[in-house]
Protein chains: 2
Amino acid sequence: MSDQVRIIDVGPRDGLQNEKLPIPTDVKLRFIQALADAGLNEIEATSFVSPKWVPQLGDAAELWPHLPSSPLFSALVPNAKGLERAIVVGVKRIAVFTAASDAFTRKNINMSVEESLEAFRAVIEEFRAQVPGGWVRGYVSTAFECPFAGLVAPSAVREVSMKLLEMGVDDISIGDTIGVAGPSEVHSLTNTLLEVIPIEKFAYHFHDTHGTAVANVSKALELGIRAFDSSAGGLGGCPYAPGATGNLATEDLVYLLNREGFRHGVALDRLATASLEILKLFGRSPYSKGQLAQLSASGTFPT
Amino acid sequence: MSDQVRIIDVGPRDGLQNEKLPIPTDVKLRFIQALADAGLNEIEATSFVSPKWVPQLGDAAELWPHLPSSPLFSALVPNAKGLERAIVVGVKRIAVFTAASDAFTRKNINMSVEESLEAFRAVIEEFRAQVPGGWVRGYVSTAFECPFAGLVAPSAVREVSMKLLEMGVDDISIGDTIGVAGPSEVHSLTNTLLEVIPIEKFAYHFHDTHGTAVANVSKALELGIRAFDSSAGGLGGCPYAPGATGNLATEDLVYLLNREGFRHGVALDRLATASLEILKLFGRSPYSKGQLAQLSASGTFPT
């Protein structure tokens, strides 16, 4: 099995979207550039969601044209309107977002999973028609447990994944949205999904809400998975806030990968500093252990 | 394999020993009682180290007689003098502390590993002679890596473990003292040690300095290990301090065990509250994710 791992940093989108404090576009651009300089090769930079729903990412169309030409940037696209806005500014990599639980999609986007898939089918067809050579990722949320409906059967996740594959997505990100799963569940779900998802299209999106994300990554690595979403500094997952989403910190992921001998291209010291800068803006101390240990070793924090 | 796991909470000793703020004996007793009430069955309550070296635990002889009759309490005993003080107050379960790296023991106790083992041989013999039915644990520190000498060979850990077993210890705790190991190293070391350590005497003592402790526990569980040290609330491992020891939080351990279907007897809600109380004394916010998620779910924190 390959020792090369893809890291998809979703911090600029998933990490910043719930921040209350307005963040100027140029601050976001500096943060994204710092992530790129740290060696991150895939970054989800923003979302073309309605500014009414997520004001923090309302500047997607202003931000996008200022992104550097590399590394690979993608944007979340929630619907046809968002796609139109994204295509206008030249987005070539999009992500769409559904779930494995009807209760979850109904609560979040007022559709059943099936209805959300139908909506995305049209979005993806339009994208393919207008953007030759484009890339599409599908998120499957609540792949282990739904906050409204409880445990989710692996077969339900397989079903949604198959439908996304039939629509021609290039990448599927399987999400433990509320950060509850343990390694045994990862083992079982991975085996079920590998029946249908080609391993090169299979990514995991773990949240660290209960402290199991690194253990889950480790189990997935054992089973051959080589792509993981994470968020610089654990952004979007401040453990001090109730209902925190608890994104896996990219630093924690990188430390594990380094120690286990995987290649990924990210320099942990630069990454830890990039995350520290953005956390400072929010007046927040670092809380990723991988980041803290790195900053402590280099004498950067506490100052 | 059994689904029953031993949790040895070392918070009152390993967690408190480095706290600068003096903690009154009755506060410690309330904390220990709260841990017992949460269902912890094994607690390392204190150390009979010289008060000159560890002032925080200088009240060991005052504290011990006030401990309840159950659960099982043990105390660290660094030398013959400490043993004498422990026996006087009725200690029936002791722990001795060595390492797998000469550079580490020389720096810490000014002896080679071999010399420390000889010193403990006399301590254990005296203990057995004076305390029939007593119980002895041996700690093997720096089992993966030494902060002064780098990576430690599994064969060195096996060697020290064998010598401790020859001295008749009942339990061996294998420590990742600087919290750097990943699951592959745990896999490899466990296999080496199971050649000599009977599985029922085998415990792991992981530190979470870089965020890998839960992943390491998960790997050890897979390999049949059923005893783990941890510290309530991650005490002794505040990630905000440079050089933090970073104990695995008992809450993180318990969450993993719950989710993976192991039995252990600890009530996570009571434990999280007990840790919160002691952290408040230090003016510190909780940082264990297992604890934070539990407190957040019950509406206890933030208040």
# chains A, B, ... in the order shown; residues from 1 in each chain; ligands from 1

call {"tool": "select_by_dssp", "arguments": {"residues": "stretch 26-238 of chain A", "states": "strand (DSSP E or B)", "output": "PyMOL selection string"}}
result
chain A and resi 42-47+72-76+93-99+135-141+145-146+150-151+171-176+202-207+227-231

call {"tool": "residues_around", "arguments": {"residues": "B:Val131", "least_positions_apart": "2", "cutoff": "9 Å", "atoms": "only C-alpha atoms", "output": "list in words"}}
result
Ile87, Gly90, Val91, Lys92, Glu126, Phe127, Arg128, Ala129, Gly133, Gly134 and Trp135 of chain B

call {"tool": "write_last_selection", "arguments": {"atoms": "C-alpha atoms", "output": "CSV table (one decimal), in the first residue's frame"}}
result
chain,number,residue,atom,x,y,z
B,87,ILE,CA,4.4,0.7,55.8
B,90,GLY,CA,-0.5,0.7,56.4
B,91,VAL,CA,0.1,0.9,52.6
B,92,LYS,CA,-0.6,-2.5,51.1
B,126,GLU,CA,11.4,-5.6,52.5
B,127,PHE,CA,7.9,-4.9,51.4
B,128,ARG,CA,7.1,-8.6,50.9
B,129,ALA,CA,8.6,-9.5,54.3
B,133,GLY,CA,-0.5,-10.2,50.6
B,134,GLY,CA,0.9,-6.9,49.4
B,135,TRP,CA,0.8,-5.8,45.8

call {"tool": "closest_atom_pairs", "arguments": {"of": "chain B", "to": "chain A", "cutoff": "9 Å", "atoms": "only C-alpha atoms", "output": "tab-separated table"}}
result
residue	atom	partner	partner_atom	distance
B:Val180	CA	A:Arg259	CA	8.0
B:Ala181	CA	A:Arg259	CA	7.2
B:Gly182	CA	A:Arg259	CA	6.1
B:Pro183	CA	A:Ser218	CA	7.3
B:Ser184	CA	A:Glu260	CA	6.6
B:Glu185	CA	A:Glu260	CA	8.2
B:Asp208	CA	A:Lys289	CA	7.7
B:Thr209	CA	A:Lys289	CA	6.2
B:His210	CA	A:Gly290	CA	4.7
B:Gly211	CA	A:Lys289	CA	5.2
B:Thr212	CA	A:Val214	CA	6.5
B:Ala213	CA	A:Ala215	CA	8.4
B:Val214	CA	A:Ala215	CA	6.0
B:Ala215	CA	A:Ala215	CA	3.7
B:Asn216	CA	A:Ala215	CA	7.5
B:Val217	CA	A:Ala215	CA	8.6
B:Ser218	CA	A:Ala215	CA	6.8
B:Lys219	CA	A:Ala215	CA	8.4
B:Pro239	CA	A:Leu292	CA	6.7
B:Tyr240	CA	A:Pro302	CA	7.1
B:Ala241	CA	A:Pro302	CA	7.2
B:Pro242	CA	A:Ser296	CA	5.3
B:Gly243	CA	A:Ser296	CA	7.3
B:Ala244	CA	A:Ala293	CA	8.8
B:Asp252	CA	A:Gly211	CA	6.2
B:Leu253	CA	A:Gly211	CA	9.0
B:Tyr255	CA	A:His210	CA	7.0
B:Leu256	CA	A:Gly182	CA	6.5
B:Leu257	CA	A:Gly182	CA	8.9
B:Arg259	CA	A:Gly182	CA	6.1
B:Glu260	CA	A:Gly182	CA	6.3
B:Ser285	CA	A:Tyr240	CA	8.3
B:Pro286	CA	A:Tyr240	CA	8.2
B:Tyr287	CA	A:Pro239	CA	7.4
B:Ser288	CA	A:Gly211	CA	7.8
B:Lys289	CA	A:His210	CA	5.0
B:Gly290	CA	A:His210	CA	4.7
B:Gln291	CA	A:His210	CA	8.0
B:Leu292	CA	A:Pro239	CA	6.7
B:Ala293	CA	A:His210	CA	6.0
B:Gln294	CA	A:His210	CA	8.4
B:Leu295	CA	A:Pro242	CA	8.8
B:Ser296	CA	A:Pro242	CA	5.3
B:Ala297	CA	A:Pro242	CA	7.8
B:Gly299	CA	A:Pro242	CA	8.2
B:Phe301	CA	A:Pro242	CA	7.7
B:Pro302	CA	A:Tyr240	CA	7.0

call {"tool": "select_by_dssp", "arguments": {"residues": "stretch 74-186 of chain A", "states": "alpha helix (DSSP H)", "output": "PDB file with N, CA and C atoms, in the first residue's frame"}}
result
ATOM      1  N   ALA A  80     -27.994  25.315  -7.269  1.00  0.00           N
ATOM      2  CA  ALA A  80     -27.780  25.839  -8.626  1.00  0.00           C
ATOM      3  C   ALA A  80     -27.333  27.296  -8.597  1.00  0.00           C
ATOM      4  N   LYS A  81     -27.911  28.054  -7.694  1.00  0.00           N
ATOM      5  CA  LYS A  81     -27.556  29.474  -7.573  1.00  0.00           C
ATOM      6  C   LYS A  81     -26.073  29.613  -7.159  1.00  0.00           C
ATOM      7  N   GLY A  82     -25.670  28.800  -6.192  1.00  0.00           N
ATOM      8  CA  GLY A  82     -24.281  28.833  -5.733  1.00  0.00           C
ATOM      9  C   GLY A  82     -23.340  28.401  -6.850  1.00  0.00           C
ATOM     10  N   LEU A  83     -23.758  27.401  -7.616  1.00  0.00           N
ATOM     11  CA  LEU A  83     -22.929  26.921  -8.726  1.00  0.00           C
ATOM     12  C   LEU A  83     -22.689  28.036  -9.735  1.00  0.00           C
ATOM     13  N   GLU A  84     -23.760  28.747 -10.036  1.00  0.00           N
ATOM     14  CA  GLU A  84     -23.674  29.843 -11.005  1.00  0.00           C
ATOM     15  C   GLU A  84     -22.645  30.878 -10.530  1.00  0.00           C
ATOM     16  N   ARG A  85     -22.745  31.263  -9.260  1.00  0.00           N
ATOM     17  CA  ARG A  85     -21.793  32.236  -8.695  1.00  0.00           C
ATOM     18  C   ARG A  85     -20.363  31.687  -8.749  1.00  0.00           C
ATOM     19  N   ALA A  86     -20.223  30.384  -8.509  1.00  0.00           N
ATOM     20  CA  ALA A  86     -18.880  29.772  -8.484  1.00  0.00           C
ATOM     21  C   ALA A  86     -18.282  29.731  -9.885  1.00  0.00           C
ATOM     22  N   ILE A  87     -19.096  29.342 -10.851  1.00  0.00           N
ATOM     23  CA  ILE A  87     -18.583  29.207 -12.225  1.00  0.00           C
ATOM     24  C   ILE A  87     -18.141  30.567 -12.770  1.00  0.00           C
ATOM     25  N   VAL A  88     -18.898  31.601 -12.454  1.00  0.00           N
ATOM     26  CA  VAL A  88     -18.577  32.955 -12.920  1.00  0.00           C
ATOM     27  C   VAL A  88     -17.153  33.365 -12.541  1.00  0.00           C
ATOM     28  N   ASP A 102     -31.935  10.859   6.731  1.00  0.00           N
ATOM     29  CA  ASP A 102     -33.007  11.774   6.323  1.00  0.00           C
ATOM     30  C   ASP A 102     -33.296  12.826   7.389  1.00  0.00           C
ATOM     31  N   ALA A 103     -33.257  12.395   8.637  1.00  0.00           N
ATOM     32  CA  ALA A 103     -33.559  13.336   9.727  1.00  0.00           C
ATOM     33  C   ALA A 103     -32.588  14.512   9.692  1.00  0.00           C
ATOM     34  N   PHE A 104     -31.341  14.226   9.326  1.00  0.00           N
ATOM     35  CA  PHE A 104     -30.320  15.268   9.291  1.00  0.00           C
ATOM     36  C   PHE A 104     -30.528  16.217   8.113  1.00  0.00           C
ATOM     37  N   THR A 105     -30.729  15.670   6.914  1.00  0.00           N
ATOM     38  CA  THR A 105     -30.915  16.559   5.751  1.00  0.00           C
ATOM     39  C   THR A 105     -32.214  17.360   5.889  1.00  0.00           C
ATOM     40  N   ARG A 106     -33.253  16.732   6.416  1.00  0.00           N
ATOM     41  CA  ARG A 106     -34.516  17.472   6.588  1.00  0.00           C
ATOM     42  C   ARG A 106     -34.319  18.665   7.516  1.00  0.00           C
ATOM     43  N   LYS A 107     -33.615  18.440   8.592  1.00  0.00           N
ATOM     44  CA  LYS A 107     -33.390  19.514   9.565  1.00  0.00           C
ATOM     45  C   LYS A 107     -32.506  20.615   8.969  1.00  0.00           C
ATOM     46  N   ASN A 108     -31.526  20.215   8.147  1.00  0.00           N
ATOM     47  CA  ASN A 108     -30.542  21.177   7.662  1.00  0.00           C
ATOM     48  C   ASN A 108     -30.911  21.841   6.346  1.00  0.00           C
ATOM     49  N   ILE A 109     -31.453  21.060   5.428  1.00  0.00           N
ATOM     50  CA  ILE A 109     -31.734  21.650   4.114  1.00  0.00           C
ATOM     51  C   ILE A 109     -33.170  21.381   3.672  1.00  0.00           C
ATOM     52  N   VAL A 113     -32.773  12.796   1.971  1.00  0.00           N
ATOM     53  CA  VAL A 113     -31.489  12.489   1.335  1.00  0.00           C
ATOM     54  C   VAL A 113     -31.699  12.318  -0.168  1.00  0.00           C
ATOM     55  N   GLU A 114     -32.732  11.581  -0.525  1.00  0.00           N
ATOM     56  CA  GLU A 114     -33.042  11.318  -1.938  1.00  0.00           C
ATOM     57  C   GLU A 114     -33.273  12.626  -2.698  1.00  0.00           C
ATOM     58  N   GLU A 115     -34.037  13.522  -2.099  1.00  0.00           N
ATOM     59  CA  GLU A 115     -34.297  14.813  -2.743  1.00  0.00           C
ATOM     60  C   GLU A 115     -33.003  15.623  -2.893  1.00  0.00           C
ATOM     61  N   SER A 116     -32.136  15.554  -1.878  1.00  0.00           N
ATOM     62  CA  SER A 116     -30.868  16.300  -1.966  1.00  0.00           C
ATOM     63  C   SER A 116     -30.012  15.739  -3.097  1.00  0.00           C
ATOM     64  N   LEU A 117     -30.053  14.420  -3.240  1.00  0.00           N
ATOM     65  CA  LEU A 117     -29.267  13.799  -4.318  1.00  0.00           C
ATOM     66  C   LEU A 117     -29.797  14.237  -5.685  1.00  0.00           C
ATOM     67  N   GLU A 118     -31.104  14.312  -5.811  1.00  0.00           N
ATOM     68  CA  GLU A 118     -31.686  14.758  -7.090  1.00  0.00           C
ATOM     69  C   GLU A 118     -31.271  16.194  -7.396  1.00  0.00           C
ATOM     70  N   ALA A 119     -31.291  17.029  -6.362  1.00  0.00           N
ATOM     71  CA  ALA A 119     -30.885  18.431  -6.543  1.00  0.00           C
ATOM     72  C   ALA A 119     -29.422  18.502  -6.991  1.00  0.00           C
ATOM     73  N   PHE A 120     -28.580  17.656  -6.383  1.00  0.00           N
ATOM     74  CA  PHE A 120     -27.155  17.694  -6.726  1.00  0.00           C
ATOM     75  C   PHE A 120     -26.880  17.089  -8.098  1.00  0.00           C
ATOM     76  N   ARG A 121     -27.747  16.150  -8.500  1.00  0.00           N
ATOM     77  CA  ARG A 121     -27.552  15.574  -9.835  1.00  0.00           C
ATOM     78  C   ARG A 121     -27.584  16.693 -10.877  1.00  0.00           C
ATOM     79  N   ALA A 122     -28.548  17.576 -10.745  1.00  0.00           N
ATOM     80  CA  ALA A 122     -28.674  18.697 -11.689  1.00  0.00           C
ATOM     81  C   ALA A 122     -27.477  19.639 -11.577  1.00  0.00           C
ATOM     82  N   VAL A 123     -27.041  19.897 -10.342  1.00  0.00           N
ATOM     83  CA  VAL A 123     -25.889  20.780 -10.114  1.00  0.00           C
ATOM     84  C   VAL A 123     -24.643  20.191 -10.774  1.00  0.00           C
ATOM     85  N   ILE A 124     -24.430  18.904 -10.575  1.00  0.00           N
ATOM     86  CA  ILE A 124     -23.230  18.259 -11.121  1.00  0.00           C
ATOM     87  C   ILE A 124     -23.285  18.229 -12.649  1.00  0.00           C
ATOM     88  N   GLU A 125     -24.475  17.928 -13.204  1.00  0.00           N
ATOM     89  CA  GLU A 125     -24.599  17.914 -14.673  1.00  0.00           C
ATOM     90  C   GLU A 125     -24.270  19.280 -15.265  1.00  0.00           C
ATOM     91  N   GLU A 126     -24.793  20.310 -14.649  1.00  0.00           N
ATOM     92  CA  GLU A 126     -24.546  21.676 -15.118  1.00  0.00           C
ATOM     93  C   GLU A 126     -23.048  22.021 -15.017  1.00  0.00           C
ATOM     94  N   PHE A 127     -22.445  21.621 -13.902  1.00  0.00           N
ATOM     95  CA  PHE A 127     -21.013  21.880 -13.688  1.00  0.00           C
ATOM     96  C   PHE A 127     -20.191  21.175 -14.758  1.00  0.00           C
ATOM     97  N   ARG A 128     -20.490  19.899 -14.991  1.00  0.00           N
ATOM     98  CA  ARG A 128     -19.743  19.132 -16.013  1.00  0.00           C
ATOM     99  C   ARG A 128     -19.880  19.780 -17.392  1.00  0.00           C
ATOM    100  N   ALA A 129     -21.083  20.257 -17.684  1.00  0.00           N
ATOM    101  CA  ALA A 129     -21.333  20.846 -19.004  1.00  0.00           C
ATOM    102  C   ALA A 129     -20.533  22.142 -19.165  1.00  0.00           C
ATOM    103  N   GLN A 130     -20.450  22.906 -18.087  1.00  0.00           N
ATOM    104  CA  GLN A 130     -19.822  24.224 -18.197  1.00  0.00           C
ATOM    105  C   GLN A 130     -18.329  24.213 -17.874  1.00  0.00           C
ATOM    106  N   PRO A 154     -24.325   1.145   8.211  1.00  0.00           N
ATOM    107  CA  PRO A 154     -23.347   1.238   7.123  1.00  0.00           C
ATOM    108  C   PRO A 154     -24.004   1.069   5.746  1.00  0.00           C
ATOM    109  N   SER A 155     -25.038   0.249   5.665  1.00  0.00           N
ATOM    110  CA  SER A 155     -25.695   0.042   4.364  1.00  0.00           C
ATOM    111  C   SER A 155     -26.317   1.338   3.842  1.00  0.00           C
ATOM    112  N   ALA A 156     -26.782   2.209   4.741  1.00  0.00           N
ATOM    113  CA  ALA A 156     -27.351   3.488   4.305  1.00  0.00           C
ATOM    114  C   ALA A 156     -26.266   4.382   3.717  1.00  0.00           C
ATOM    115  N   VAL A 157     -25.073   4.316   4.301  1.00  0.00           N
ATOM    116  CA  VAL A 157     -23.958   5.127   3.805  1.00  0.00           C
ATOM    117  C   VAL A 157     -23.502   4.592   2.444  1.00  0.00           C
ATOM    118  N   ARG A 158     -23.490   3.269   2.324  1.00  0.00           N
ATOM    119  CA  ARG A 158     -23.117   2.647   1.041  1.00  0.00           C
ATOM    120  C   ARG A 158     -24.086   3.064  -0.059  1.00  0.00           C
ATOM    121  N   GLU A 159     -25.363   3.086   0.288  1.00  0.00           N
ATOM    122  CA  GLU A 159     -26.412   3.456  -0.676  1.00  0.00           C
ATOM    123  C   GLU A 159     -26.199   4.878  -1.213  1.00  0.00           C
ATOM    124  N   VAL A 160     -25.995   5.829  -0.301  1.00  0.00           N
ATOM    125  CA  VAL A 160     -25.786   7.218  -0.716  1.00  0.00           C
ATOM    126  C   VAL A 160     -24.493   7.345  -1.518  1.00  0.00           C
ATOM    127  N   SER A 161     -23.459   6.636  -1.074  1.00  0.00           N
ATOM    128  CA  SER A 161     -22.171   6.697  -1.780  1.00  0.00           C
ATOM    129  C   SER A 161     -22.321   6.182  -3.209  1.00  0.00           C
ATOM    130  N   MET A 162     -23.054   5.088  -3.376  1.00  0.00           N
ATOM    131  CA  MET A 162     -23.256   4.527  -4.721  1.00  0.00           C
ATOM    132  C   MET A 162     -23.948   5.526  -5.624  1.00  0.00           C
ATOM    133  N   LYS A 163     -24.941   6.212  -5.071  1.00  0.00           N
ATOM    134  CA  LYS A 163     -25.671   7.184  -5.884  1.00  0.00           C
ATOM    135  C   LYS A 163     -24.775   8.354  -6.280  1.00  0.00           C
ATOM    136  N   LEU A 164     -23.925   8.792  -5.356  1.00  0.00           N
ATOM    137  CA  LEU A 164     -22.983   9.863  -5.690  1.00  0.00           C
ATOM    138  C   LEU A 164     -22.018   9.402  -6.777  1.00  0.00           C
ATOM    139  N   LEU A 165     -21.563   8.159  -6.665  1.00  0.00           N
ATOM    140  CA  LEU A 165     -20.646   7.626  -7.684  1.00  0.00           C
ATOM    141  C   LEU A 165     -21.339   7.545  -9.046  1.00  0.00           C
ATOM    142  N   GLU A 166     -22.599   7.135  -9.038  1.00  0.00           N
ATOM    143  CA  GLU A 166     -23.358   7.078 -10.300  1.00  0.00           C
ATOM    144  C   GLU A 166     -23.477   8.457 -10.945  1.00  0.00           C
ATOM    145  N   PRO A 183     -12.901   3.354  16.622  1.00  0.00           N
ATOM    146  CA  PRO A 183     -12.205   2.609  15.567  1.00  0.00           C
ATOM    147  C   PRO A 183     -12.931   1.341  15.081  1.00  0.00           C
ATOM    148  N   SER A 184     -13.654   0.676  15.958  1.00  0.00           N
ATOM    149  CA  SER A 184     -14.360  -0.529  15.501  1.00  0.00           C
ATOM    150  C   SER A 184     -15.425  -0.185  14.475  1.00  0.00           C
ATOM    151  N   GLU A 185     -16.111   0.931  14.710  1.00  0.00           N
ATOM    152  CA  GLU A 185     -17.121   1.365  13.741  1.00  0.00           C
ATOM    153  C   GLU A 185     -16.473   1.770  12.422  1.00  0.00           C
ATOM    154  N   VAL A 186     -15.307   2.399  12.529  1.00  0.00           N
ATOM    155  CA  VAL A 186     -14.585   2.787  11.307  1.00  0.00           C
ATOM    156  C   VAL A 186     -14.204   1.536  10.526  1.00  0.00           C
TER     157      VAL A 186
END

call {"tool": "atom_distance", "arguments": {"atom1": "atom CA of A:Gly175", "atom2": "atom CA of A:Arg284"}}
result
25.9 Å

call {"tool": "atom_distance", "arguments": {"atom1": "atom CA of B:Val169", "atom2": "atom CA of B:Val77"}}
result
13.5 Å

call {"tool": "residues_around", "arguments": {"residues": "stretch 41-55 of chain B", "least_positions_apart": "3", "cutoff": "7 Å", "atoms": "only C-alpha atoms", "output": "count of residues only"}}
result
21
